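Some notes on the structure that comes next.
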Amino acid sequence: MSKDAPYIPPKIWTFDKENGGAFAGINRPTAGARHEKVLPVGRHPLQLYSLATPNGVKVTVMLEELLALGHTGAEYDAWLIRINEGEQFGSGFVEINPNSKIPALLDRSGEKPIRVFESGAILMHLAEKFGAFLPTETGLRAECLSWLFWQMGAAPYLGGGFGHFYAYAPEKIEYAIDRFAMEVKRQLDVLDRRLAESPYLAGADYTIADIAVWPWYGNLVKGQAYNAGEFLQVQDYTHVLRWADKIGERPAVQRGRMVNRSFGDPATQLHERHDADDFLTKTQDKLVPE
Ligand SMILES: N[C@@H](CCC(=O)N[C@@H](CS)C(=O)NCC(=O)O)C(=O)O
């Protein structure tokens with residue numbers, strides 16, 4: 001069919017080709033393992049299999065925050081899963097996350113290992129396990145969980161909707177970009193109004209709601225997502241910017257965002273994390289001479 005002819009969906013959709021967009025090479029219409037691969041296991045109670053995308057960063061920030069509070073039980077081994085190379089479809093990874101997406105956690109601190117997938121579930125699991133970053137008072141807890149689940153529902157419009165059509169799709173489709181730019185600006189306005197009345201999303205204190213929302217909307221408002229700062233006029237969301245800057249200054253956040261990072265400045269890339277000292281000695285600039 002010519003590129004300009006309107007697309008008329010066939011009666012039955014079939015998968016017969018890659019669609020040409022970024023990441024098309026790993027997309028398939030079926031789930032399950034595609035190859036045999038046993039996952040590595042380190043010495044710490046928590047084993048994390050991830051990559052420093054916004055969804056991955058939520059968990060490494062949470063773990064670094066817990067360690068900063070003195071919870072030694074939050075020591076973890078972080079293993080790199082290269083999703084562009086299809087490592088999320090290895091049999092070991094699929095056993096931990098049948099949905100084949102990072103992040104995935106194996107909690108080996110008890111008698112029986114517990115698998116946890118979906119970043120929101122992982123944040124809640126860790127918050128409840130260590131009694132941190134999730135308020136216990138009923139109203140505050142409800143507010144925190146409301147923003148946590150808001151992120152889980154909202155971010156696919158930002159990433160899978162706006163980011164995909166603005167930055168990754170093989171052609172720029174005005175209808176799609178318009179639709180998702182509108183929604184993303186609406187979401188930024190939702191956050192801006194909330195953060196105009198409250199220092200953090202759940203109230204006075206920093207919680208797992210902020211930890212979940214910051215890697216997506218903090219990056220976006222700082223112009224660090226999809227090269228879309230000017231397009232979306234992110235400087236207008238002043239309360240989100242104030243919040244993003246404050247969270248970005250936290251040492252645990254600065255460490256967490258480096259873990260399982262395999263892109264960007266080599267000094268910010270810690271491919272695997274097995275020890276607190278790794279931040280000082282094992283970043284890519286130190287391992288690979290430039
Ligand atoms: N709702 C999931 C989303 C996880 C997700 O989309 N992970 C992406 C990277 S950010 C992934 O692993 N993609 C690989 C794939 O789709 O094959 C969560 O919050 O954990």
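Ligands are numbered from 1 in the order shown, residues from 1 within each chain, and chains are lettered A, B, ... in the order they appear in the structure tokens.
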Could you give me the residues within stretch 10-143 of chain A that DSSP places in strand (DSSP E or B), as a VMD selection string? chain A and resid 35 46 to 50 76 to 80 90 104 to 107 114 to 117
Let me see the file: selected residues, N, CA, C and O atoms, as a compact mmCIF listing (two decimals), in the first residue's frame.
# COMPACT_ATOMS: atom_id res chain seq x y z
N HIS A 35 13.81 -17.32 25.46
CA HIS A 35 15.05 -18.10 25.51
C HIS A 35 15.33 -18.51 26.96
O HIS A 35 14.78 -17.93 27.89
N LEU A 46 17.99 -8.61 48.92
CA LEU A 46 17.14 -8.16 47.82
C LEU A 46 17.90 -8.22 46.50
O LEU A 46 19.03 -7.72 46.39
N GLN A 47 17.28 -8.86 45.52
CA GLN A 47 17.87 -8.97 44.18
C GLN A 47 16.97 -8.19 43.22
O GLN A 47 15.79 -8.50 43.07
N LEU A 48 17.57 -7.19 42.58
CA LEU A 48 16.80 -6.34 41.67
C LEU A 48 17.30 -6.57 40.25
O LEU A 48 18.50 -6.59 40.01
N TYR A 49 16.37 -6.73 39.32
CA TYR A 49 16.71 -6.93 37.90
C TYR A 49 16.05 -5.77 37.17
O TYR A 49 14.81 -5.67 37.11
N SER A 50 16.89 -4.85 36.62
CA SER A 50 16.29 -3.58 36.19
C SER A 50 17.17 -2.83 35.20
O SER A 50 18.21 -3.32 34.73
N TYR A 76 21.09 -4.45 48.60
CA TYR A 76 20.59 -5.11 47.38
C TYR A 76 21.69 -5.30 46.35
O TYR A 76 22.69 -4.59 46.33
N ASP A 77 21.46 -6.29 45.52
CA ASP A 77 22.26 -6.47 44.30
C ASP A 77 21.37 -6.02 43.15
O ASP A 77 20.24 -6.49 43.01
N ALA A 78 21.88 -5.11 42.34
CA ALA A 78 21.11 -4.65 41.17
C ALA A 78 21.78 -5.16 39.91
O ALA A 78 22.95 -4.88 39.65
N TRP A 79 21.04 -5.96 39.16
CA TRP A 79 21.56 -6.56 37.93
C TRP A 79 20.94 -5.85 36.74
O TRP A 79 19.75 -5.55 36.74
N LEU A 80 21.76 -5.64 35.72
CA LEU A 80 21.31 -4.90 34.54
C LEU A 80 20.53 -5.81 33.58
O LEU A 80 20.99 -6.89 33.22
N GLY A 90 14.14 -13.59 28.86
CA GLY A 90 14.84 -14.79 29.33
C GLY A 90 13.98 -15.52 30.35
O GLY A 90 13.19 -14.91 31.07
N ALA A 104 11.99 -5.72 38.28
CA ALA A 104 11.48 -6.91 38.96
C ALA A 104 12.38 -7.18 40.17
O ALA A 104 13.61 -7.02 40.08
N LEU A 105 11.75 -7.56 41.27
CA LEU A 105 12.49 -7.75 42.53
C LEU A 105 12.28 -9.15 43.05
O LEU A 105 11.15 -9.68 42.99
N LEU A 106 13.36 -9.75 43.56
CA LEU A 106 13.24 -11.01 44.26
C LEU A 106 13.68 -10.75 45.70
O LEU A 106 14.84 -10.39 45.95
N ASP A 107 12.72 -10.90 46.63
CA ASP A 107 13.01 -10.66 48.05
C ASP A 107 13.35 -12.00 48.67
O ASP A 107 12.48 -12.86 48.85
N ILE A 114 10.31 -14.24 47.56
CA ILE A 114 9.06 -13.62 47.12
C ILE A 114 9.36 -12.80 45.88
O ILE A 114 10.27 -11.95 45.90
N ARG A 115 8.62 -13.03 44.80
CA ARG A 115 8.82 -12.21 43.61
C ARG A 115 7.86 -11.02 43.68
O ARG A 115 6.72 -11.15 44.14
N VAL A 116 8.33 -9.86 43.22
CA VAL A 116 7.46 -8.67 43.16
C VAL A 116 7.72 -7.99 41.82
O VAL A 116 8.88 -7.68 41.50
N PHE A 117 6.68 -7.80 41.04
CA PHE A 117 6.82 -7.03 39.79
C PHE A 117 5.81 -5.90 39.79
O PHE A 117 4.90 -5.87 40.61
As JSON, numbers by chain, please: every protein or nucleic acid residue near ligand 1 (cut-off 9 Å, counting only C-alpha atoms and all ligand atoms). {"A": [23, 26, 27, 28, 50, 51, 52, 53, 54, 55, 56, 58, 81, 82, 83, 84, 86, 87, 88, 89, 99, 100, 101, 102, 103, 104, 117, 118, 119, 120, 121, 122, 151, 152, 153, 155, 156, 159, 160, 212]}
Would you pick out the contacts of A:Leu241 at 12 Å or less, using only C-alpha atoms, so that residues sharing its chain but fewer than 4 positions from it are not included, and give the list as an MDAnalysis selection string? chainID A and resid 188:189 191:192 195:196 199 214 217:223 234:237 245:248
Using C-alpha atoms, can you export the residues from the last selection as a PDB file, in the first residue's frame?
ATOM      1  CA  LEU A 188       1.454  18.581  34.495  1.00  0.00           C
ATOM      2  CA  ASP A 189      -1.289  21.029  35.478  1.00  0.00           C
ATOM      3  CA  LEU A 191       0.616  18.096  39.542  1.00  0.00           C
ATOM      4  CA  ASP A 192       1.267  21.835  39.535  1.00  0.00           C
ATOM      5  CA  LEU A 195       2.200  21.044  44.520  1.00  0.00           C
ATOM      6  CA  ALA A 196       1.018  24.660  44.843  1.00  0.00           C
ATOM      7  CA  PRO A 199       5.269  20.572  49.550  1.00  0.00           C
ATOM      8  CA  TRP A 214       9.577  12.169  40.124  1.00  0.00           C
ATOM      9  CA  TYR A 217       7.375  14.143  35.627  1.00  0.00           C
ATOM     10  CA  GLY A 218      10.445  15.563  37.363  1.00  0.00           C
ATOM     11  CA  ASN A 219      12.530  14.645  34.312  1.00  0.00           C
ATOM     12  CA  LEU A 220       9.881  15.994  31.976  1.00  0.00           C
ATOM     13  CA  VAL A 221       9.572  19.356  33.685  1.00  0.00           C
ATOM     14  CA  LYS A 222      13.377  19.699  33.713  1.00  0.00           C
ATOM     15  CA  GLY A 223      13.375  19.241  29.934  1.00  0.00           C
ATOM     16  CA  VAL A 234       7.554  23.050  30.828  1.00  0.00           C
ATOM     17  CA  GLN A 235       8.896  26.193  32.514  1.00  0.00           C
ATOM     18  CA  ASP A 236       5.278  27.225  33.186  1.00  0.00           C
ATOM     19  CA  TYR A 237       4.828  24.498  35.807  1.00  0.00           C
ATOM     20  CA  ASP A 245      14.655  20.380  42.084  1.00  0.00           C
ATOM     21  CA  LYS A 246      14.221  19.633  45.777  1.00  0.00           C
ATOM     22  CA  ILE A 247      13.945  15.899  45.198  1.00  0.00           C
ATOM     23  CA  GLY A 248      16.816  15.951  42.708  1.00  0.00           C
TER      24      GLY A 248
END
As a PyMOL selection string, which residues of stretch 121-176 of chain A does DSSP assign to helix (DSSP H, G or I)? chain A and resi 121-130+138-168+174-176
Generate the output file for the selected residues, N, CA and C atoms, as a CSV table (one decimal), in the first residue's frame.
chain,number,residue,atom,x,y,z
A,121,ALA,N,3.9,-1.9,43.0
A,121,ALA,CA,3.9,-3.0,44.0
A,121,ALA,C,5.2,-3.2,44.7
A,122,ILE,N,6.3,-3.0,44.0
A,122,ILE,CA,7.6,-3.0,44.6
A,122,ILE,C,7.8,-1.9,45.7
A,123,LEU,N,7.4,-0.7,45.3
A,123,LEU,CA,7.5,0.4,46.3
A,123,LEU,C,6.7,0.1,47.5
A,124,MET,N,5.5,-0.4,47.3
A,124,MET,CA,4.6,-0.7,48.5
A,124,MET,C,5.2,-1.8,49.3
A,125,HIS,N,5.7,-2.8,48.6
A,125,HIS,CA,6.3,-4.0,49.4
A,125,HIS,C,7.5,-3.5,50.2
A,126,LEU,N,8.3,-2.6,49.7
A,126,LEU,CA,9.5,-2.1,50.5
A,126,LEU,C,9.0,-1.2,51.5
A,127,ALA,N,8.0,-0.3,51.2
A,127,ALA,CA,7.6,0.7,52.2
A,127,ALA,C,7.0,-0.1,53.4
A,128,GLU,N,6.2,-1.1,53.2
A,128,GLU,CA,5.6,-1.8,54.3
A,128,GLU,C,6.6,-2.7,55.0
A,129,LYS,N,7.5,-3.3,54.3
A,129,LYS,CA,8.5,-4.1,54.9
A,129,LYS,C,9.4,-3.3,55.9
A,130,PHE,N,9.7,-2.1,55.5
A,130,PHE,CA,10.6,-1.3,56.4
A,130,PHE,C,9.9,-0.2,57.2
A,138,THR,N,-4.6,7.1,58.4
A,138,THR,CA,-5.4,6.6,57.3
A,138,THR,C,-5.6,7.6,56.1
A,139,GLY,N,-5.8,8.9,56.5
A,139,GLY,CA,-6.0,9.9,55.4
A,139,GLY,C,-4.8,10.2,54.6
A,140,LEU,N,-3.7,10.2,55.3
A,140,LEU,CA,-2.4,10.5,54.6
A,140,LEU,C,-2.0,9.3,53.7
A,141,ARG,N,-2.3,8.1,54.3
A,141,ARG,CA,-1.9,6.9,53.5
A,141,ARG,C,-2.8,6.9,52.2
A,142,ALA,N,-4.1,7.2,52.4
A,142,ALA,CA,-4.9,7.2,51.2
A,142,ALA,C,-4.5,8.2,50.2
A,143,GLU,N,-4.0,9.4,50.7
A,143,GLU,CA,-3.5,10.4,49.7
A,143,GLU,C,-2.3,9.9,49.0
A,144,CYS,N,-1.4,9.3,49.8
A,144,CYS,CA,-0.1,8.8,49.2
A,144,CYS,C,-0.4,7.7,48.1
A,145,LEU,N,-1.3,6.8,48.5
A,145,LEU,CA,-1.6,5.7,47.5
A,145,LEU,C,-2.4,6.3,46.3
A,146,SER,N,-3.2,7.3,46.5
A,146,SER,CA,-3.9,7.9,45.4
A,146,SER,C,-2.9,8.5,44.4
A,147,TRP,N,-1.9,9.2,44.8
A,147,TRP,CA,-0.9,9.7,43.9
A,147,TRP,C,0.0,8.6,43.3
A,148,LEU,N,0.3,7.6,44.1
A,148,LEU,CA,1.1,6.5,43.6
A,148,LEU,C,0.4,5.8,42.4
A,149,PHE,N,-0.9,5.5,42.6
A,149,PHE,CA,-1.7,4.9,41.6
A,149,PHE,C,-2.0,5.8,40.4
A,150,TRP,N,-2.1,7.1,40.7
A,150,TRP,CA,-2.2,8.1,39.7
A,150,TRP,C,-1.0,8.0,38.7
A,151,GLN,N,0.1,7.9,39.3
A,151,GLN,CA,1.3,7.7,38.4
A,151,GLN,C,1.2,6.5,37.5
A,152,MET,N,0.8,5.4,38.1
A,152,MET,CA,0.8,4.1,37.3
A,152,MET,C,-0.2,4.3,36.1
A,153,GLY,N,-1.3,5.0,36.4
A,153,GLY,CA,-2.3,5.2,35.3
A,153,GLY,C,-1.9,6.3,34.3
A,154,ALA,N,-1.2,7.3,34.8
A,154,ALA,CA,-0.9,8.5,34.0
A,154,ALA,C,0.3,8.3,33.1
A,155,ALA,N,1.4,7.8,33.6
A,155,ALA,CA,2.6,7.7,32.9
A,155,ALA,C,2.6,7.0,31.5
A,156,PRO,N,1.7,6.0,31.4
A,156,PRO,CA,1.7,5.4,30.0
A,156,PRO,C,1.2,6.4,28.9
A,157,TYR,N,0.4,7.4,29.3
A,157,TYR,CA,0.0,8.4,28.4
A,157,TYR,C,1.2,9.3,28.0
A,158,LEU,N,2.1,9.5,29.0
A,158,LEU,CA,3.3,10.3,28.8
A,158,LEU,C,4.3,9.5,28.0
A,159,GLY,N,4.6,8.3,28.4
A,159,GLY,CA,5.7,7.5,27.7
A,159,GLY,C,5.1,6.8,26.5
A,160,GLY,N,4.1,6.0,26.7
A,160,GLY,CA,3.6,5.2,25.5
A,160,GLY,C,2.8,6.0,24.5
A,161,GLY,N,2.2,7.1,25.0
A,161,GLY,CA,1.5,8.0,24.2
A,161,GLY,C,2.3,9.2,23.6
A,162,PHE,N,2.6,10.2,24.4
A,162,PHE,CA,3.3,11.4,24.0
A,162,PHE,C,4.7,11.0,23.5
A,163,GLY,N,5.5,10.4,24.4
A,163,GLY,CA,6.9,10.1,24.1
A,163,GLY,C,7.0,9.2,22.8
A,164,HIS,N,6.1,8.3,22.7
A,164,HIS,CA,6.2,7.4,21.6
A,164,HIS,C,6.0,8.1,20.3
A,165,PHE,N,4.9,8.9,20.2
A,165,PHE,CA,4.5,9.5,18.9
A,165,PHE,C,5.4,10.8,18.7
A,166,TYR,N,5.9,11.5,19.7
A,166,TYR,CA,6.7,12.7,19.5
A,166,TYR,C,8.1,12.3,19.2
A,167,ALA,N,8.7,11.2,19.8
A,167,ALA,CA,10.1,11.0,19.7
A,167,ALA,C,10.4,9.7,18.9
A,168,TYR,N,9.6,8.6,19.0
A,168,TYR,CA,10.0,7.3,18.6
A,168,TYR,C,9.3,6.8,17.3
A,174,GLU,N,0.3,14.1,13.4
A,174,GLU,CA,-0.2,15.3,14.1
A,174,GLU,C,-1.3,15.0,15.1
A,175,TYR,N,-2.3,14.1,14.6
A,175,TYR,CA,-3.4,13.8,15.5
A,175,TYR,C,-2.9,13.2,16.8
A,176,ALA,N,-2.0,12.2,16.7
A,176,ALA,CA,-1.5,11.5,17.9
A,176,ALA,C,-0.7,12.4,18.8
Rounded to one decimal in Å, what is the spacing between atom CA of A:Tyr206 and atom CA of A:Arg255?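 Pair atom CA of A:Tyr206 / atom CA of A:Arg255 returns 17.0 Å.
Rounded to one decimal, atom CA of A:Ala74 and atom CA of A:Pro45 lie 7.3 Å from each other.
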Within 9 Å of stretch 265-278 of chain A, counting only C-alpha atoms, which residues show up once you throw out same-chain ones fewer than 3 positions away? Write them as a CSV table (one decimal) with all heavy atoms, in the first residue's frame, please.
chain,number,residue,atom,x,y,z
A,42,GLY,N,23.0,-12.5,43.8
A,42,GLY,CA,24.1,-12.0,44.7
A,42,GLY,C,23.9,-12.4,46.1
A,42,GLY,O,23.1,-13.2,46.5
A,43,ARG,N,24.7,-11.7,47.0
A,43,ARG,CA,24.7,-12.1,48.4
A,43,ARG,C,23.7,-11.4,49.3
A,43,ARG,O,23.5,-11.7,50.4
A,43,ARG,CB,26.1,-11.9,49.0
A,43,ARG,CG,26.5,-10.4,49.1
A,43,ARG,CD,28.0,-10.2,49.3
A,43,ARG,NE,28.4,-8.9,48.9
A,43,ARG,CZ,28.6,-7.9,49.8
A,43,ARG,NH1,28.4,-8.1,51.1
A,43,ARG,NH2,28.9,-6.7,49.5
A,44,HIS,N,23.1,-10.3,48.7
A,44,HIS,CA,22.2,-9.5,49.6
A,44,HIS,C,20.8,-10.1,49.6
A,44,HIS,O,20.4,-10.8,48.7
A,44,HIS,CB,22.2,-8.1,49.1
A,44,HIS,CG,23.5,-7.4,49.2
A,44,HIS,ND1,24.1,-7.3,50.4
A,44,HIS,CD2,24.3,-6.7,48.3
A,44,HIS,CE1,25.2,-6.6,50.3
A,44,HIS,NE2,25.4,-6.3,49.0
A,51,LEU,N,16.7,-1.7,34.9
A,51,LEU,CA,17.4,-0.7,34.0
A,51,LEU,C,17.0,0.7,34.4
A,51,LEU,O,15.8,0.8,34.9
A,51,LEU,CB,17.0,-1.0,32.5
A,51,LEU,CG,17.5,-0.1,31.4
A,51,LEU,CD1,19.0,-0.4,31.2
A,51,LEU,CD2,16.8,-0.3,30.1
A,75,GLU,N,19.8,-3.8,51.8
A,75,GLU,CA,21.0,-4.0,50.9
A,75,GLU,C,20.6,-4.8,49.7
A,75,GLU,O,19.8,-5.8,49.9
A,75,GLU,CB,22.1,-4.7,51.7
A,75,GLU,CG,23.1,-3.7,52.3
A,75,GLU,CD,23.8,-2.8,51.3
A,75,GLU,OE1,23.7,-3.1,50.0
A,75,GLU,OE2,24.5,-1.8,51.7
A,76,TYR,N,21.1,-4.5,48.6
A,76,TYR,CA,20.6,-5.1,47.4
A,76,TYR,C,21.7,-5.3,46.3
A,76,TYR,O,22.7,-4.6,46.3
A,76,TYR,CB,19.4,-4.3,46.8
A,76,TYR,CG,19.8,-2.9,46.2
A,76,TYR,CD1,19.9,-2.7,44.9
A,76,TYR,CD2,20.1,-1.9,47.1
A,76,TYR,CE1,20.2,-1.5,44.3
A,76,TYR,CE2,20.4,-0.6,46.6
A,76,TYR,CZ,20.5,-0.4,45.2
A,76,TYR,OH,20.8,0.8,44.7
A,77,ASP,N,21.5,-6.3,45.5
A,77,ASP,CA,22.3,-6.5,44.3
A,77,ASP,C,21.4,-6.0,43.1
A,77,ASP,O,20.2,-6.5,43.0
A,77,ASP,CB,22.6,-7.9,44.1
A,77,ASP,CG,23.6,-8.5,45.1
A,77,ASP,OD1,24.8,-8.2,45.0
A,77,ASP,OD2,23.1,-9.1,46.1
A,78,ALA,N,21.9,-5.1,42.3
A,78,ALA,CA,21.1,-4.6,41.2
A,78,ALA,C,21.8,-5.2,39.9
A,78,ALA,O,22.9,-4.9,39.7
A,78,ALA,CB,21.1,-3.1,41.1
A,79,TRP,N,21.0,-6.0,39.2
A,79,TRP,CA,21.6,-6.6,37.9
A,79,TRP,C,20.9,-5.9,36.7
A,79,TRP,O,19.8,-5.5,36.7
A,79,TRP,CB,21.2,-8.0,37.9
A,79,TRP,CG,21.7,-8.8,39.1
A,79,TRP,CD1,21.0,-9.1,40.2
A,79,TRP,CD2,23.0,-9.4,39.3
A,79,TRP,NE1,21.8,-9.8,41.1
A,79,TRP,CE2,23.0,-10.0,40.5
A,79,TRP,CE3,24.1,-9.4,38.5
A,79,TRP,CZ2,24.1,-10.7,41.1
A,79,TRP,CZ3,25.3,-10.1,39.0
A,79,TRP,CH2,25.2,-10.7,40.3
A,80,LEU,N,21.8,-5.6,35.7
A,80,LEU,CA,21.3,-4.9,34.5
A,80,LEU,C,20.5,-5.8,33.6
A,80,LEU,O,21.0,-6.9,33.2
A,80,LEU,CB,22.5,-4.3,33.8
A,80,LEU,CG,22.3,-3.5,32.6
A,80,LEU,CD1,21.5,-2.2,32.9
A,80,LEU,CD2,23.6,-3.1,31.9
A,255,ARG,N,22.2,8.9,43.9
A,255,ARG,CA,22.8,7.6,43.7
A,255,ARG,C,21.8,6.7,43.0
A,255,ARG,O,22.2,6.0,42.0
A,255,ARG,CB,23.0,7.0,45.1
A,255,ARG,CG,24.3,7.6,45.8
A,255,ARG,CD,24.7,6.7,47.0
A,255,ARG,NE,23.6,6.6,48.0
A,255,ARG,CZ,23.4,7.5,49.0
A,255,ARG,NH1,24.2,8.6,49.1
A,255,ARG,NH2,22.5,7.3,49.9
A,257,ARG,N,19.6,7.1,40.8
A,257,ARG,CA,19.4,7.3,39.3
A,257,ARG,C,20.6,6.7,38.5
A,257,ARG,O,20.5,6.6,37.3
A,257,ARG,CB,19.1,8.7,39.0
A,257,ARG,CG,20.2,9.7,39.2
A,257,ARG,CD,19.7,11.1,39.1
A,257,ARG,NE,18.9,11.3,37.8
A,257,ARG,CZ,18.5,12.5,37.4
A,257,ARG,NH1,18.8,13.6,38.1
A,257,ARG,NH2,17.8,12.6,36.3
A,258,MET,N,21.7,6.5,39.2
A,258,MET,CA,22.9,6.0,38.5
A,258,MET,C,22.9,4.4,38.4
A,258,MET,O,23.5,3.9,37.5
A,258,MET,CB,24.2,6.3,39.3
A,258,MET,CG,24.5,7.8,39.3
A,258,MET,SD,25.8,8.2,40.6
A,258,MET,CE,27.2,7.3,39.9
A,259,VAL,N,22.1,3.8,39.2
A,259,VAL,CA,22.1,2.3,39.2
A,259,VAL,C,21.4,1.7,38.0
A,259,VAL,O,20.3,2.2,37.6
A,259,VAL,CB,21.4,1.8,40.5
A,259,VAL,CG1,21.5,0.3,40.6
A,259,VAL,CG2,22.1,2.4,41.8
A,260,ASN,N,22.1,0.7,37.4
A,260,ASN,CA,21.6,0.1,36.2
A,260,ASN,C,21.4,1.0,35.0
A,260,ASN,O,20.6,0.8,34.1
A,260,ASN,CB,20.2,-0.6,36.4
A,260,ASN,CG,20.3,-1.7,37.4
A,260,ASN,OD1,19.3,-2.0,38.1
A,260,ASN,ND2,21.4,-2.5,37.4
A,261,ARG,N,22.2,2.1,35.1
A,261,ARG,CA,22.2,3.1,34.0
A,261,ARG,C,23.2,2.7,32.9
A,261,ARG,O,24.4,2.5,33.2
A,261,ARG,CB,22.5,4.5,34.5
A,261,ARG,CG,22.2,5.6,33.5
A,261,ARG,CD,22.4,6.9,34.2
A,261,ARG,NE,22.6,8.0,33.3
A,261,ARG,CZ,21.7,8.9,32.9
A,261,ARG,NH1,20.5,8.8,33.4
A,261,ARG,NH2,22.1,9.8,32.0
A,262,SER,N,22.8,2.5,31.7
A,262,SER,CA,23.7,2.1,30.6
A,262,SER,C,23.7,3.1,29.5
A,262,SER,O,24.0,2.7,28.4
A,262,SER,CB,23.2,0.7,30.1
A,262,SER,OG,21.9,0.8,29.6
A,281,THR,N,33.7,3.5,42.8
A,281,THR,CA,34.8,2.7,42.1
A,281,THR,C,34.4,2.1,40.8
A,281,THR,O,35.2,1.6,40.0
A,281,THR,CB,35.4,1.7,43.1
A,281,THR,OG1,34.3,0.8,43.5
A,281,THR,CG2,36.0,2.3,44.3
A,282,LYS,N,33.0,1.9,40.6
A,282,LYS,CA,32.7,1.0,39.5
A,282,LYS,C,31.8,1.7,38.4
A,282,LYS,O,31.2,1.0,37.6
A,282,LYS,CB,31.9,-0.2,40.0
A,282,LYS,CG,32.7,-1.0,41.0
A,282,LYS,CD,32.6,-2.5,40.8
A,282,LYS,CE,33.7,-3.3,41.5
A,282,LYS,NZ,33.3,-3.8,42.8
A,283,THR,N,31.8,3.0,38.4
A,283,THR,CA,31.1,3.7,37.3
A,283,THR,C,31.9,3.5,36.0
A,283,THR,O,33.1,3.2,36.0
A,283,THR,CB,30.9,5.2,37.6
A,283,THR,OG1,32.1,5.7,38.0
A,283,THR,CG2,29.9,5.4,38.7
A,284,GLN,N,31.2,3.6,34.9
A,284,GLN,CA,31.8,3.3,33.6
A,284,GLN,C,33.1,4.1,33.3
A,284,GLN,O,34.0,3.6,32.7
A,284,GLN,CB,30.8,3.4,32.5
A,284,GLN,CG,29.8,2.3,32.4
A,284,GLN,CD,30.5,0.9,32.2
A,284,GLN,OE1,31.0,0.7,31.2
A,284,GLN,NE2,30.4,0.1,33.2
A,285,ASP,N,33.1,5.3,33.8
A,285,ASP,CA,34.3,6.1,33.5
A,285,ASP,C,35.5,5.6,34.2
A,285,ASP,O,36.7,5.7,33.8
A,285,ASP,CB,34.1,7.6,33.9
A,285,ASP,CG,33.8,7.7,35.4
A,285,ASP,OD1,33.0,6.8,35.9
A,285,ASP,OD2,34.2,8.6,36.1
A,286,LYS,N,35.3,4.8,35.3
A,286,LYS,CA,36.4,4.3,36.1
A,286,LYS,C,36.8,2.9,35.6
A,286,LYS,O,37.9,2.4,35.6
A,286,LYS,CB,36.0,4.2,37.6
A,286,LYS,CG,35.6,5.6,38.1
A,286,LYS,CD,36.1,5.8,39.5
A,286,LYS,CE,36.0,7.3,39.8
A,286,LYS,NZ,34.7,7.7,40.5
A,288,VAL,N,36.1,1.7,32.3
A,288,VAL,CA,36.6,1.7,30.9
A,288,VAL,C,37.4,3.0,30.7
A,288,VAL,O,36.8,4.1,30.7
A,288,VAL,CB,35.3,1.7,29.9
A,288,VAL,CG1,35.8,1.6,28.5
A,288,VAL,CG2,34.3,0.7,30.3
Kindly give the distance, in Å, that separates atom CA of A:Ala181 and atom CA of A:Thr207, rounded to a single decimal.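 Between atom CA of A:Ala181 and atom CA of A:Thr207 the gap works out to 27.7 Å.
The closest residue to A:Asp210, picked from A:Ile8, A:Val61, A:Leu280, A:Glu171 and counting only C-alpha atoms, is A:Val61.
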With a distance cut-off of 8 Å and only C-alpha atoms, select the neighbouring residues of A:Val38, excluding the residue or stretch itself and same-chain residues fewer than 4 positions from it, and output the selection as a ChimeraX atom specification. /A:90-93
Go ahead and save the residues from that selection, with all heavy atoms, as a PDB file, in the first residue's frame.
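Just written: again_14.pdb:
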ATOM      1  N   GLY A  90      14.138 -13.590  28.863  1.00  0.00           N
ATOM      2  CA  GLY A  90      14.844 -14.786  29.332  1.00  0.00           C
ATOM      3  C   GLY A  90      13.981 -15.521  30.350  1.00  0.00           C
ATOM      4  O   GLY A  90      13.190 -14.906  31.075  1.00  0.00           O
ATOM      5  N   SER A  91      14.142 -16.859  30.422  1.00  0.00           N
ATOM      6  CA  SER A  91      13.249 -17.663  31.267  1.00  0.00           C
ATOM      7  C   SER A  91      13.310 -17.255  32.747  1.00  0.00           C
ATOM      8  O   SER A  91      12.281 -17.193  33.427  1.00  0.00           O
ATOM      9  CB  SER A  91      13.582 -19.145  31.106  1.00  0.00           C
ATOM     10  OG  SER A  91      14.965 -19.341  31.341  1.00  0.00           O
ATOM     11  N   GLY A  92      14.502 -16.942  33.247  1.00  0.00           N
ATOM     12  CA  GLY A  92      14.639 -16.565  34.652  1.00  0.00           C
ATOM     13  C   GLY A  92      13.900 -15.263  34.945  1.00  0.00           C
ATOM     14  O   GLY A  92      13.224 -15.124  35.973  1.00  0.00           O
ATOM     15  N   PHE A  93      14.015 -14.304  34.040  1.00  0.00           N
ATOM     16  CA  PHE A  93      13.335 -13.027  34.260  1.00  0.00           C
ATOM     17  C   PHE A  93      11.819 -13.219  34.216  1.00  0.00           C
ATOM     18  O   PHE A  93      11.088 -12.695  35.057  1.00  0.00           O
ATOM     19  CB  PHE A  93      13.777 -11.979  33.219  1.00  0.00           C
ATOM     20  CG  PHE A  93      13.267 -10.602  33.563  1.00  0.00           C
ATOM     21  CD1 PHE A  93      14.005  -9.744  34.360  1.00  0.00           C
ATOM     22  CD2 PHE A  93      12.015 -10.178  33.115  1.00  0.00           C
ATOM     23  CE1 PHE A  93      13.513  -8.480  34.718  1.00  0.00           C
ATOM     24  CE2 PHE A  93      11.518  -8.924  33.466  1.00  0.00           C
ATOM     25  CZ  PHE A  93      12.269  -8.073  34.269  1.00  0.00           C
TER      26      PHE A  93
END
